[in-house]
$ cat start_13.tsv   # TSV, C-alpha atoms
chain	number	residue	atom	x	y	z
Z	1	MET	CA	-46.78	-1.91	14.96
Z	2	SER	CA	-45.61	-5.53	14.89
Z	3	ILE	CA	-41.93	-6.42	15.17
Z	4	LYS	CA	-41.90	-7.58	11.56
Z	5	LYS	CA	-43.49	-4.37	10.29
Z	6	GLU	CA	-40.99	-2.29	12.25
Z	7	ILE	CA	-38.12	-4.30	10.78
Z	8	GLN	CA	-39.49	-3.79	7.26
Z	9	THR	CA	-39.73	-0.04	7.89
Z	10	GLN	CA	-36.10	0.00	8.98
Z	11	ILE	CA	-35.04	-2.00	5.90
Z	12	ILE	CA	-36.74	0.53	3.62
Z	13	HIS	CA	-35.01	3.38	5.46
Z	14	ALA	CA	-31.60	1.69	5.14
Z	15	VAL	CA	-32.00	1.08	1.41
Z	16	GLU	CA	-33.25	4.61	0.70
Z	17	THR	CA	-30.49	6.19	2.78
Z	18	VAL	CA	-27.76	4.26	0.96
Z	19	LYS	CA	-29.15	5.22	-2.44
Z	20	GLN	CA	-29.29	8.87	-1.40
Z	21	THR	CA	-25.89	9.15	0.29
Z	22	ASN	CA	-23.62	6.76	-1.69
Z	23	PRO	CA	-21.63	5.79	1.44
Z	24	MET	CA	-18.13	4.32	1.26
Z	25	ALA	CA	-17.51	0.95	2.86
Z	26	GLY	CA	-13.87	0.12	2.27
Z	27	SER	CA	-12.66	-3.46	2.07
Z	28	VAL	CA	-9.68	-5.69	2.62
Z	29	THR	CA	-11.10	-8.71	0.92
Z	30	ASN	CA	-10.60	-11.94	-0.96
Z	31	THR	CA	-8.50	-11.34	-4.07
Z	32	VAL	CA	-10.39	-14.11	-5.88
Z	33	THR	CA	-13.65	-12.16	-5.61
Z	34	ILE	CA	-12.59	-8.55	-5.19
Z	35	ASN	CA	-14.18	-7.41	-8.46
Z	36	PHE	CA	-17.54	-8.97	-7.63
Z	37	VAL	CA	-17.52	-7.47	-4.13
Z	38	ALA	CA	-16.88	-3.99	-5.51
Z	39	ASN	CA	-19.51	-4.30	-8.24
Z	40	ALA	CA	-22.14	-5.53	-5.79
Z	41	GLN	CA	-21.44	-2.62	-3.44
Z	42	LEU	CA	-21.80	-0.21	-6.34
Z	43	ALA	CA	-24.98	-1.88	-7.57
Z	44	VAL	CA	-26.82	-1.33	-4.27
Z	45	GLY	CA	-25.76	2.32	-4.12
Z	46	GLY	CA	-22.55	2.25	-2.11
Z	47	SER	CA	-19.01	3.30	-2.92
Z	48	ALA	CA	-16.23	0.70	-3.01
Z	49	ALA	CA	-12.55	0.99	-2.13
Z	50	MET	CA	-10.26	-2.06	-2.03
Z	51	VAL	CA	-6.83	-2.01	-0.35
Z	52	TYR	CA	-4.36	-4.33	1.36
Z	53	MET	CA	-1.50	-2.18	2.66
Z	54	PRO	CA	-1.53	-1.30	6.39
Z	55	ASP	CA	-1.52	2.49	6.04
Z	56	GLU	CA	-4.21	2.46	3.38
Z	57	ALA	CA	-6.43	0.15	5.44
Z	58	GLN	CA	-6.10	2.49	8.41
Z	59	PHE	CA	-6.99	5.43	6.17
Z	60	LEU	CA	-10.15	3.66	4.97
Z	61	ALA	CA	-11.09	2.74	8.52
Z	62	ARG	CA	-11.06	6.44	9.40
Z	63	ALA	CA	-12.50	7.81	6.15
Z	64	GLY	CA	-15.31	5.37	5.41
Z	65	GLY	CA	-18.70	4.95	6.98
Z	66	ALA	CA	-18.06	1.24	7.55
Z	67	ALA	CA	-15.58	-1.43	6.52
Z	68	TYR	CA	-15.38	-5.05	5.43
Z	69	ILE	CA	-12.67	-7.56	6.35
Z	70	ASN	CA	-12.65	-10.88	4.50
Z	71	LEU	CA	-9.98	-13.53	5.12
Z	72	GLY	CA	-10.55	-15.50	1.94
Z	73	THR	CA	-7.01	-14.97	0.67
Z	74	ILE	CA	-4.34	-13.63	3.00
Z	75	GLU	CA	-0.77	-12.43	2.67
Z	76	PRO	CA	1.95	-12.02	5.34
Z	77	VAL	CA	1.41	-8.24	5.29
Z	78	TYR	CA	-2.12	-8.80	6.62
Z	79	GLU	CA	-0.64	-9.45	10.07
Z	80	LYS	CA	0.03	-5.70	10.11
Z	81	THR	CA	-2.93	-4.61	8.00
Z	82	LEU	CA	-5.92	-6.26	9.63
Z	83	PRO	CA	-5.41	-5.92	13.40
Z	84	GLY	CA	-4.61	-2.22	13.01
Z	85	MET	CA	-7.66	-1.64	10.83
Z	86	ALA	CA	-9.97	-3.52	13.19
Z	87	LYS	CA	-8.64	-1.66	16.22
Z	88	ILE	CA	-9.30	1.73	14.62
Z	89	LEU	CA	-12.82	0.67	13.65
Z	90	HIS	CA	-13.55	-0.58	17.16
Z	91	ASN	CA	-12.06	2.41	18.95
Z	92	SER	CA	-13.90	4.87	16.71
Z	93	GLY	CA	-17.21	3.05	17.04
Z	94	LYS	CA	-17.52	2.50	13.30
Z	95	PRO	CA	-19.42	-0.54	12.04
Z	96	TRP	CA	-17.50	-3.31	10.35
Z	97	VAL	CA	-18.18	-6.73	8.90
Z	98	LEU	CA	-16.03	-9.82	9.42
Z	99	ASP	CA	-16.11	-12.81	7.09
Z	100	PRO	CA	-13.99	-15.63	8.64
Z	101	VAL	CA	-13.55	-17.46	5.33
Z	102	ALA	CA	-11.78	-20.83	5.56
Z	103	ILE	CA	-11.24	-20.57	9.31
Z	104	GLY	CA	-8.95	-23.34	10.52
Z	105	ILE	CA	-6.61	-23.29	7.54
Z	106	GLY	CA	-3.20	-22.12	8.71
Z	107	ASP	CA	-1.72	-20.42	11.76
Z	108	LEU	CA	-1.79	-16.86	10.38
Z	109	ARG	CA	-5.52	-17.03	9.70
Z	110	THR	CA	-6.11	-18.32	13.22
Z	111	ARG	CA	-3.98	-15.60	14.82
Z	112	LEU	CA	-5.78	-12.90	12.89
Z	113	LEU	CA	-9.20	-14.18	13.86
Z	114	LEU	CA	-8.18	-14.30	17.51
Z	115	THR	CA	-7.21	-10.62	17.40
Z	116	PHE	CA	-10.72	-9.71	16.21
Z	117	LYS	CA	-12.48	-11.05	19.32
Z	118	ASP	CA	-12.00	-7.89	21.36
Z	119	CYS	CA	-12.62	-5.61	18.36
Z	120	LYS	CA	-16.21	-6.91	18.26
Z	121	PRO	CA	-17.39	-6.79	14.62
Z	122	SER	CA	-20.80	-5.23	14.02
Z	123	ILE	CA	-21.67	-8.12	11.70
Z	124	ILE	CA	-20.13	-11.55	11.32
Z	125	ARG	CA	-21.12	-13.30	8.10
Z	126	GLY	CA	-20.23	-16.83	7.13
Z	127	ASN	CA	-21.48	-20.31	6.40
Z	128	ALA	CA	-22.53	-22.62	9.21
Z	129	SER	CA	-19.18	-24.35	9.58
Z	130	GLU	CA	-17.32	-21.03	9.72
Z	131	ILE	CA	-19.66	-19.55	12.32
Z	132	MET	CA	-19.40	-22.62	14.54
Z	133	ALA	CA	-15.60	-22.69	14.22
Z	134	LEU	CA	-15.31	-18.97	15.07
Z	135	ALA	CA	-17.46	-19.41	18.17
Z	136	GLY	CA	-15.20	-22.29	19.16
Z	137	LEU	CA	-12.04	-20.28	18.56
Z	138	TRP	CA	-13.41	-17.47	20.71
Z	139	GLY	CA	-14.51	-19.87	23.46
Z	140	LEU	CA	-18.23	-19.21	23.08
Z	141	ASP	CA	-21.29	-21.46	23.32
Z	142	GLY	CA	-22.24	-23.51	20.28
Z	143	GLY	CA	-18.72	-23.53	18.90
Z	144	THR	CA	-16.68	-26.45	17.66
Z	145	GLU	CA	-13.10	-27.17	18.67
Z	146	THR	CA	-12.05	-27.84	15.09
Z	147	SER	CA	-13.13	-26.28	11.82
Z	148	ASN	CA	-15.41	-28.35	9.61
Z	149	VAL	CA	-14.97	-26.24	6.48
Z	150	ARG	CA	-13.95	-27.69	3.13
Z	151	GLY	CA	-12.09	-24.85	1.49
Z	152	VAL	CA	-14.76	-22.17	1.51
Z	153	ASP	CA	-17.70	-24.61	1.67
Z	154	SER	CA	-19.77	-25.54	4.70
Z	155	GLN	CA	-20.10	-29.11	5.84
Z	156	ASP	CA	-22.88	-28.23	8.27
Z	157	PRO	CA	-26.51	-27.08	7.84
Z	158	VAL	CA	-27.50	-23.56	8.85
Z	159	SER	CA	-29.60	-24.90	11.73
Z	160	ALA	CA	-26.51	-26.42	13.35
Z	161	ALA	CA	-24.98	-22.96	13.78
Z	162	ARG	CA	-27.93	-21.35	15.56
Z	163	ASP	CA	-26.46	-21.50	19.08
Z	164	ALA	CA	-23.04	-20.34	17.87
Z	165	ALA	CA	-24.61	-17.42	15.99
Z	166	VAL	CA	-26.57	-16.30	19.05
Z	167	ALA	CA	-23.48	-16.56	21.27
Z	168	LEU	CA	-21.35	-14.55	18.83
Z	169	ALA	CA	-24.03	-11.88	18.47
Z	170	ARG	CA	-24.36	-11.53	22.23
Z	171	TRP	CA	-20.58	-11.27	22.62
Z	172	THR	CA	-20.19	-8.58	19.98
Z	173	GLY	CA	-23.43	-6.73	20.64
Z	174	GLY	CA	-23.99	-6.82	16.89
Z	175	ALA	CA	-25.39	-9.37	14.47
Z	176	VAL	CA	-24.44	-12.68	12.90
Z	177	ALA	CA	-25.60	-13.89	9.50
Z	178	VAL	CA	-25.36	-17.57	8.58
Z	179	SER	CA	-25.68	-18.10	4.85
Z	180	GLY	CA	-27.19	-21.25	3.35
Z	181	ARG	CA	-30.29	-22.54	1.66
Z	182	GLN	CA	-32.29	-20.71	4.33
Z	183	ASP	CA	-30.37	-17.78	5.78
Z	184	LEU	CA	-30.29	-17.08	9.51
Z	185	ILE	CA	-29.67	-13.61	10.91
Z	186	THR	CA	-29.64	-12.89	14.65
Z	187	ASN	CA	-28.75	-10.13	17.09
Z	188	GLY	CA	-28.83	-12.50	20.04
Z	189	SER	CA	-32.42	-11.75	21.02
Z	190	ILE	CA	-34.27	-11.91	17.68
Z	191	THR	CA	-33.61	-14.35	14.86
Z	192	ALA	CA	-34.76	-13.87	11.27
Z	193	PHE	CA	-34.92	-16.54	8.59
Z	194	SER	CA	-34.70	-15.10	5.09
Z	195	HIS	CA	-35.91	-17.01	2.03
Z	196	GLY	CA	-35.16	-16.92	-1.68
Z	197	GLY	CA	-31.97	-16.96	-3.67
Z	198	SER	CA	-30.99	-19.55	-6.26
Z	199	HIS	CA	-28.92	-22.70	-6.59
Z	200	PHE	CA	-26.78	-20.75	-9.07
Z	201	MET	CA	-25.37	-18.78	-6.14
Z	202	GLU	CA	-23.42	-21.93	-5.25
Z	203	LYS	CA	-22.05	-22.11	-8.80
Z	204	ILE	CA	-20.32	-18.71	-8.87
Z	205	THR	CA	-17.43	-17.54	-6.73
Z	206	GLY	CA	-18.05	-14.54	-4.53
Z	207	SER	CA	-21.73	-14.67	-3.69
Z	208	GLY	CA	-20.90	-14.84	0.02
Z	209	CYS	CA	-17.96	-12.45	-0.13
Z	210	SER	CA	-19.94	-9.83	-2.00
Z	211	LEU	CA	-22.83	-10.22	0.44
Z	212	GLY	CA	-20.47	-9.26	3.25
Z	213	GLY	CA	-19.44	-6.17	1.32
Z	214	VAL	CA	-23.06	-5.21	0.73
Z	215	MET	CA	-23.86	-5.68	4.41
Z	216	ALA	CA	-21.04	-3.24	5.18
Z	217	VAL	CA	-22.66	-0.68	2.86
Z	218	TYR	CA	-25.99	-1.02	4.67
Z	219	ALA	CA	-24.22	-0.88	8.05
Z	220	THR	CA	-23.50	2.79	7.33
Z	221	ALA	CA	-27.24	3.43	7.57
Z	222	ALA	CA	-28.64	0.88	10.03
Z	223	SER	CA	-27.91	-1.36	13.00
Z	224	GLY	CA	-25.90	-4.52	12.43
Z	225	PHE	CA	-29.04	-6.67	12.52
Z	226	ILE	CA	-30.98	-4.54	10.03
Z	227	ALA	CA	-27.94	-4.18	7.75
Z	228	ALA	CA	-27.35	-7.94	7.75
Z	229	LEU	CA	-31.01	-8.71	7.10
Z	230	THR	CA	-31.25	-6.05	4.39
Z	231	GLY	CA	-28.20	-7.42	2.61
Z	232	THR	CA	-29.54	-10.96	2.84
Z	233	ALA	CA	-32.98	-9.89	1.65
Z	234	ILE	CA	-31.73	-8.09	-1.46
Z	235	TYR	CA	-29.51	-11.07	-2.29
Z	236	ASN	CA	-32.38	-13.53	-1.97
Z	237	LEU	CA	-34.62	-11.27	-4.05
Z	238	ALA	CA	-32.03	-10.63	-6.76
Z	239	GLY	CA	-30.98	-14.27	-6.83
Z	240	ARG	CA	-34.51	-15.47	-7.36
Z	241	ARG	CA	-35.20	-12.92	-10.09
Z	242	ALA	CA	-31.90	-13.52	-11.88
Z	243	ALA	CA	-32.49	-17.28	-11.93
Z	244	GLU	CA	-35.77	-16.72	-13.77
Z	245	LYS	CA	-33.84	-15.14	-16.66
Z	246	THR	CA	-31.06	-17.66	-17.22
Z	247	ASP	CA	-30.10	-21.31	-17.32
Z	248	GLY	CA	-26.38	-21.02	-16.52
Z	249	PRO	CA	-24.08	-19.53	-13.87
Z	250	ALA	CA	-22.17	-17.06	-16.06
Z	251	SER	CA	-25.23	-15.20	-17.29
Z	252	PHE	CA	-26.77	-15.58	-13.82
Z	253	GLN	CA	-23.98	-13.45	-12.37
Z	254	VAL	CA	-24.65	-10.67	-14.89
Z	255	HIS	CA	-28.40	-10.74	-14.27
Z	256	PHE	CA	-27.79	-10.88	-10.53
Z	257	LEU	CA	-25.87	-7.60	-10.52
Z	258	ASP	CA	-28.63	-6.05	-12.63
Z	259	GLU	CA	-31.28	-7.19	-10.15
Z	260	LEU	CA	-29.30	-5.82	-7.21
Z	261	TYR	CA	-29.30	-2.47	-8.97
Z	262	LYS	CA	-33.00	-2.57	-9.88
Z	263	ALA	CA	-34.43	-3.78	-6.56
Z	264	LYS	CA	-36.74	-1.22	-4.95
Z	265	PRO	CA	-36.77	-0.56	-1.18
Z	266	THR	CA	-40.27	-1.93	-0.65
Z	267	GLU	CA	-39.48	-5.04	-2.70
Z	268	ILE	CA	-36.43	-5.74	-0.56
Z	269	ALA	CA	-38.42	-5.25	2.64
Z	270	ASP	CA	-41.15	-7.56	1.35
Z	271	ASN	CA	-38.80	-10.42	0.50
Z	272	PRO	CA	-40.09	-13.34	2.61
Z	273	PHE	CA	-38.64	-13.71	6.10
Z	274	ASP	CA	-39.78	-15.13	9.42
Z	275	ILE	CA	-39.02	-13.77	12.87
Z	276	GLU	CA	-38.70	-15.56	16.20
Z	277	GLU	CA	-37.43	-14.52	19.61
Z	278	VAL	CA	-34.38	-16.34	20.93

$ encode --input "start_13.tsv" --output "structure tokens"
Amino acid sequence: MSIKKEIQTQIIHAVETVKQTNPMAGSVTNTVTINFVANAQLAVGGSAAMVYMPDEAQFLARAGGAAYINLGTIEPVYEKTLPGMAKILHNSGKPWVLDPVAIGIGDLRTRLLLTFKDCKPSIIRGNASEIMALAGLWGLDGGTETSNVRGVDSQDPVSAARDAAVALARWTGGAVAVSGRQDLITNGSITAFSHGGSHFMEKITGSGCSLGGVMAVYATAASGFIAALTGTAIYNLAGRRAAEKTDGPASFQVHFLDELYKAKPTEIADNPFDIEEV
């Protein structure tokens, strides 16, 4: 069996397992997009739980099958919430997803991201500028000394973050997903390029945040690499199909959630992607 066929088999297994088991992947996430994250997790078959208090985050870290930490909007209490949650996840061997949104904005955000280095996320998801800045903050190859993000937007193409993504994946032993017009997913030895999506995904808030939440759902049933690729594949499939039914971003978001819900395991596995060895 070819590498690609084996990956597709694992994607199908991950999707079917999630639909059968309804796993919980709790989140401490961006308050701007929290509703969309939860709805996307539900649409693919997972169970959502959103918290921000330290004791509740620690409870979710222990109770859930995986977890999602997104730094899109942060509060002072997160200095207690997030390091404790990440430590429990790491020590218990549970998968978790980190989205370093807006890295480089503010001292608290930087301190929090530094604490995550030794907790080794199973998946790191971000745009090219965020991935390069995180690699730089952690002192890894391919990183930049300063962040080149504009708010939550990337100023760099996905291809520019390839070395940083590989270095981060090798450090964590998990996977890194770089979102853009062509998505890159790597585990440090294999890199996948996933195709599809829609330009409308840039016109709604939360497409990236919710993708991180969906990856966390799939991480309950698969390796970091397969979970990241599965999440990216269903997003590219649903985005393409939703765009065919609308001509505006508001209705696109509604159709997009519908398409996440309707996507079949084999359709997700068959969404176009290329594989190359690092």

$ closest_atom_pairs --input "start_13.tsv" --of "stretch 131-229 of chain Z" --to "stretch 8-15 of chain Z" --cutoff "7 Å" --atoms "only C-alpha atoms" --output "tab-separated table"
residue	atom	partner	partner_atom	distance
Z:Tyr218	CA	Z:Ala14	CA	6.2
Z:Ala221	CA	Z:Ala14	CA	5.3
Z:Ala222	CA	Z:Ala14	CA	5.8
Z:Ile226	CA	Z:Ile11	CA	6.3

$ atom_distance --input "start_13.tsv" --atom1 "atom CA of Z:Glu267" --atom2 "atom CA of Z:Asn187"
23.1 Å

$ residues_around --input "start_13.tsv" --residues "stretch 68-70 of chain Z" --least-positions-apart "3" --cutoff "7 Å" --atoms "all atoms listed in the file" --output "PyMOL selection string"
chain Z and resi 25-30+96-101+212-213+216

$ closest_residue --input "start_13.tsv" --among "Z:Phe116, Z:Phe59, Z:Phe193, Z:Phe273" --to "Z:Ala177" --atoms "all atoms listed in the file"
Z:Phe193

$ residues_around --input "start_13.tsv" --residues "stretch 154-170 of chain Z" --least-positions-apart "6" --cutoff "6 Å" --atoms "all atoms listed in the file" --output "PDB file with C-alpha atoms, in the frame of the given file"
ATOM      1  CA  ASN Z 127     -21.480 -20.310   6.400  1.00  0.00           C
ATOM      2  CA  ALA Z 128     -22.530 -22.620   9.210  1.00  0.00           C
ATOM      3  CA  SER Z 129     -19.180 -24.350   9.580  1.00  0.00           C
ATOM      4  CA  MET Z 132     -19.400 -22.620  14.540  1.00  0.00           C
ATOM      5  CA  ALA Z 135     -17.460 -19.410  18.170  1.00  0.00           C
ATOM      6  CA  ASP Z 141     -21.290 -21.460  23.320  1.00  0.00           C
ATOM      7  CA  GLY Z 142     -22.240 -23.510  20.280  1.00  0.00           C
ATOM      8  CA  GLY Z 143     -18.720 -23.530  18.900  1.00  0.00           C
ATOM      9  CA  VAL Z 176     -24.440 -12.680  12.900  1.00  0.00           C
ATOM     10  CA  GLY Z 180     -27.190 -21.250   3.350  1.00  0.00           C
ATOM     11  CA  ASN Z 187     -28.750 -10.130  17.090  1.00  0.00           C
ATOM     12  CA  GLY Z 188     -28.830 -12.500  20.040  1.00  0.00           C
TER      13      GLY Z 188
END

$ closest_residue --input "start_13.tsv" --among "Z:Glu277, Z:Asp270, Z:Glu202, Z:Asp107" --to "Z:Ala250" --atoms "all atoms listed in the file"
Z:Glu202

$ residues_around --input "start_13.tsv" --residues "Z:Thr146" --least-positions-apart "6" --cutoff "9 Å" --atoms "all atoms listed in the file" --output "PyMOL selection string"
chain Z and resi 104+133+136-137

$ closest_residue --input "start_13.tsv" --among "Z:Ile234, Z:Met85, Z:Met50, Z:Met24" --to "Z:Ala66" --atoms "all atoms listed in the file"
Z:Met24

$ closest_residue --input "start_13.tsv" --among "Z:Leu113, Z:Ile124, Z:Ile7, Z:Cys209" --to "Z:Ala192" --atoms "only C-alpha atoms"
Z:Ile7

$ axis_aligned_box --input "start_13.tsv" --around "stretch 202-220 of chain Z" --padding-each-side "5 Å" --output "JSON"
{"center_x": -21.7, "center_y": -9.7, "center_z": -0.4, "size_x": 18.6, "size_y": 34.9, "size_z": 26.9}

$ closest_residue --input "start_13.tsv" --among "Z:Arg62, Z:Ile103, Z:Thr191, Z:Lys94" --to "Z:Glu276" --atoms "all atoms listed in the file"
Z:Thr191

$ closest_residue --input "start_13.tsv" --among "Z:Gly106, Z:Pro95, Z:Gly231, Z:Gly64" --to "Z:Lys120" --atoms "all atoms listed in the file"
Z:Pro95

$ atom_distance --input "start_13.tsv" --atom1 "atom CA of Z:Gly45" --atom2 "atom CA of Z:Gln253"
17.9 Å

$ residues_around --input "start_13.tsv" --residues "Z:Leu108" --least-positions-apart "4" --cutoff "12 Å" --atoms "all atoms listed in the file" --output "JSON, numbers by chain"
{"Z": [71, 73, 74, 75, 76, 77, 78, 79, 80, 82, 83, 102, 103, 104, 112, 113, 114, 115]}

$ residues_around --input "start_13.tsv" --residues "Z:Ala243" --least-positions-apart "5" --cutoff "10 Å" --atoms "only C-alpha atoms" --output "list in words"
Gly197, Ser198, His199, Phe200, Met201, Ala238, Gly248, Pro249, Ser251, Phe252, Gln253, His255 and Phe256 of chain Z

$ atom_distance --input "start_13.tsv" --atom1 "atom CA of Z:Ser2" --atom2 "atom CA of Z:Ala228"
19.8 Å

$ build_atoms --input "start_13.tsv" --residues "stretch 154-163 of chain Z" --atoms "all heavy atoms" --output "PDB file, in the coordinates of the input"
ATOM      1  N   SER Z 154     -19.300 -25.042   3.412  1.00  0.00           N
ATOM      2  CA  SER Z 154     -19.770 -25.540   4.700  1.00  0.00           C
ATOM      3  C   SER Z 154     -20.047 -27.025   4.622  1.00  0.00           C
ATOM      4  O   SER Z 154     -20.541 -27.537   3.614  1.00  0.00           O
ATOM      5  CB  SER Z 154     -21.046 -24.807   5.113  1.00  0.00           C
ATOM      6  OG  SER Z 154     -21.532 -25.306   6.342  1.00  0.00           O
ATOM      7  N   GLN Z 155     -19.747 -27.704   5.711  1.00  0.00           N
ATOM      8  CA  GLN Z 155     -20.100 -29.110   5.840  1.00  0.00           C
ATOM      9  C   GLN Z 155     -21.262 -29.288   6.813  1.00  0.00           C
ATOM     10  O   GLN Z 155     -21.645 -30.424   7.104  1.00  0.00           O
ATOM     11  CB  GLN Z 155     -18.884 -29.901   6.359  1.00  0.00           C
ATOM     12  CG  GLN Z 155     -17.672 -29.880   5.432  1.00  0.00           C
ATOM     13  CD  GLN Z 155     -17.865 -30.722   4.188  1.00  0.00           C
ATOM     14  OE1 GLN Z 155     -18.460 -30.266   3.203  1.00  0.00           O
ATOM     15  NE2 GLN Z 155     -17.403 -31.955   4.232  1.00  0.00           N
ATOM     16  N   ASP Z 156     -21.811 -28.190   7.283  1.00  0.00           N
ATOM     17  CA  ASP Z 156     -22.880 -28.230   8.270  1.00  0.00           C
ATOM     18  C   ASP Z 156     -24.095 -27.444   7.777  1.00  0.00           C
ATOM     19  O   ASP Z 156     -23.949 -26.455   7.061  1.00  0.00           O
ATOM     20  CB  ASP Z 156     -22.411 -27.633   9.597  1.00  0.00           C
ATOM     21  CG  ASP Z 156     -21.237 -28.387  10.202  1.00  0.00           C
ATOM     22  OD1 ASP Z 156     -21.456 -29.504  10.682  1.00  0.00           O
ATOM     23  OD2 ASP Z 156     -20.108 -27.852  10.164  1.00  0.00           O
ATOM     24  N   PRO Z 157     -25.311 -27.843   8.193  1.00  0.00           N
ATOM     25  CA  PRO Z 157     -26.510 -27.080   7.840  1.00  0.00           C
ATOM     26  C   PRO Z 157     -26.600 -25.802   8.660  1.00  0.00           C
ATOM     27  O   PRO Z 157     -26.020 -25.699   9.751  1.00  0.00           O
ATOM     28  CB  PRO Z 157     -27.649 -28.046   8.174  1.00  0.00           C
ATOM     29  CG  PRO Z 157     -27.101 -28.885   9.287  1.00  0.00           C
ATOM     30  CD  PRO Z 157     -25.637 -29.056   8.971  1.00  0.00           C
ATOM     31  N   VAL Z 158     -27.341 -24.836   8.158  1.00  0.00           N
ATOM     32  CA  VAL Z 158     -27.500 -23.560   8.850  1.00  0.00           C
ATOM     33  C   VAL Z 158     -28.044 -23.770  10.261  1.00  0.00           C
ATOM     34  O   VAL Z 158     -27.603 -23.115  11.219  1.00  0.00           O
ATOM     35  CB  VAL Z 158     -28.429 -22.627   8.045  1.00  0.00           C
ATOM     36  CG1 VAL Z 158     -28.846 -21.422   8.879  1.00  0.00           C
ATOM     37  CG2 VAL Z 158     -27.741 -22.181   6.765  1.00  0.00           C
ATOM     38  N   SER Z 159     -28.986 -24.680  10.418  1.00  0.00           N
ATOM     39  CA  SER Z 159     -29.600 -24.900  11.730  1.00  0.00           C
ATOM     40  C   SER Z 159     -28.587 -25.305  12.792  1.00  0.00           C
ATOM     41  O   SER Z 159     -28.768 -25.003  13.978  1.00  0.00           O
ATOM     42  CB  SER Z 159     -30.690 -25.976  11.618  1.00  0.00           C
ATOM     43  OG  SER Z 159     -30.140 -27.205  11.135  1.00  0.00           O
ATOM     44  N   ALA Z 160     -27.519 -25.972  12.388  1.00  0.00           N
ATOM     45  CA  ALA Z 160     -26.510 -26.420  13.350  1.00  0.00           C
ATOM     46  C   ALA Z 160     -25.751 -25.259  13.968  1.00  0.00           C
ATOM     47  O   ALA Z 160     -25.159 -25.400  15.044  1.00  0.00           O
ATOM     48  CB  ALA Z 160     -25.530 -27.383  12.674  1.00  0.00           C
ATOM     49  N   ALA Z 161     -25.759 -24.116  13.306  1.00  0.00           N
ATOM     50  CA  ALA Z 161     -24.980 -22.960  13.780  1.00  0.00           C
ATOM     51  C   ALA Z 161     -25.818 -21.978  14.582  1.00  0.00           C
ATOM     52  O   ALA Z 161     -25.311 -20.905  14.957  1.00  0.00           O
ATOM     53  CB  ALA Z 161     -24.363 -22.248  12.575  1.00  0.00           C
ATOM     54  N   ARG Z 162     -27.067 -22.310  14.885  1.00  0.00           N
ATOM     55  CA  ARG Z 162     -27.930 -21.350  15.560  1.00  0.00           C
ATOM     56  C   ARG Z 162     -27.362 -20.921  16.916  1.00  0.00           C
ATOM     57  O   ARG Z 162     -27.276 -19.725  17.210  1.00  0.00           O
ATOM     58  CB  ARG Z 162     -29.330 -21.932  15.748  1.00  0.00           C
ATOM     59  CG  ARG Z 162     -30.296 -20.953  16.396  1.00  0.00           C
ATOM     60  CD  ARG Z 162     -31.662 -21.541  16.633  1.00  0.00           C
ATOM     61  NE  ARG Z 162     -32.265 -22.019  15.394  1.00  0.00           N
ATOM     62  CZ  ARG Z 162     -33.583 -22.160  15.233  1.00  0.00           C
ATOM     63  NH1 ARG Z 162     -34.409 -21.836  16.218  1.00  0.00           N
ATOM     64  NH2 ARG Z 162     -34.065 -22.610  14.093  1.00  0.00           N
ATOM     65  N   ASP Z 163     -26.965 -21.852  17.747  1.00  0.00           N
ATOM     66  CA  ASP Z 163     -26.460 -21.500  19.080  1.00  0.00           C
ATOM     67  C   ASP Z 163     -25.170 -20.685  18.985  1.00  0.00           C
ATOM     68  O   ASP Z 163     -24.961 -19.737  19.745  1.00  0.00           O
ATOM     69  CB  ASP Z 163     -26.219 -22.765  19.907  1.00  0.00           C
ATOM     70  CG  ASP Z 163     -27.511 -23.453  20.317  1.00  0.00           C
ATOM     71  OD1 ASP Z 163     -28.576 -22.835  20.194  1.00  0.00           O
ATOM     72  OD2 ASP Z 163     -27.440 -24.616  20.760  1.00  0.00           O
TER      73      ASP Z 163
END
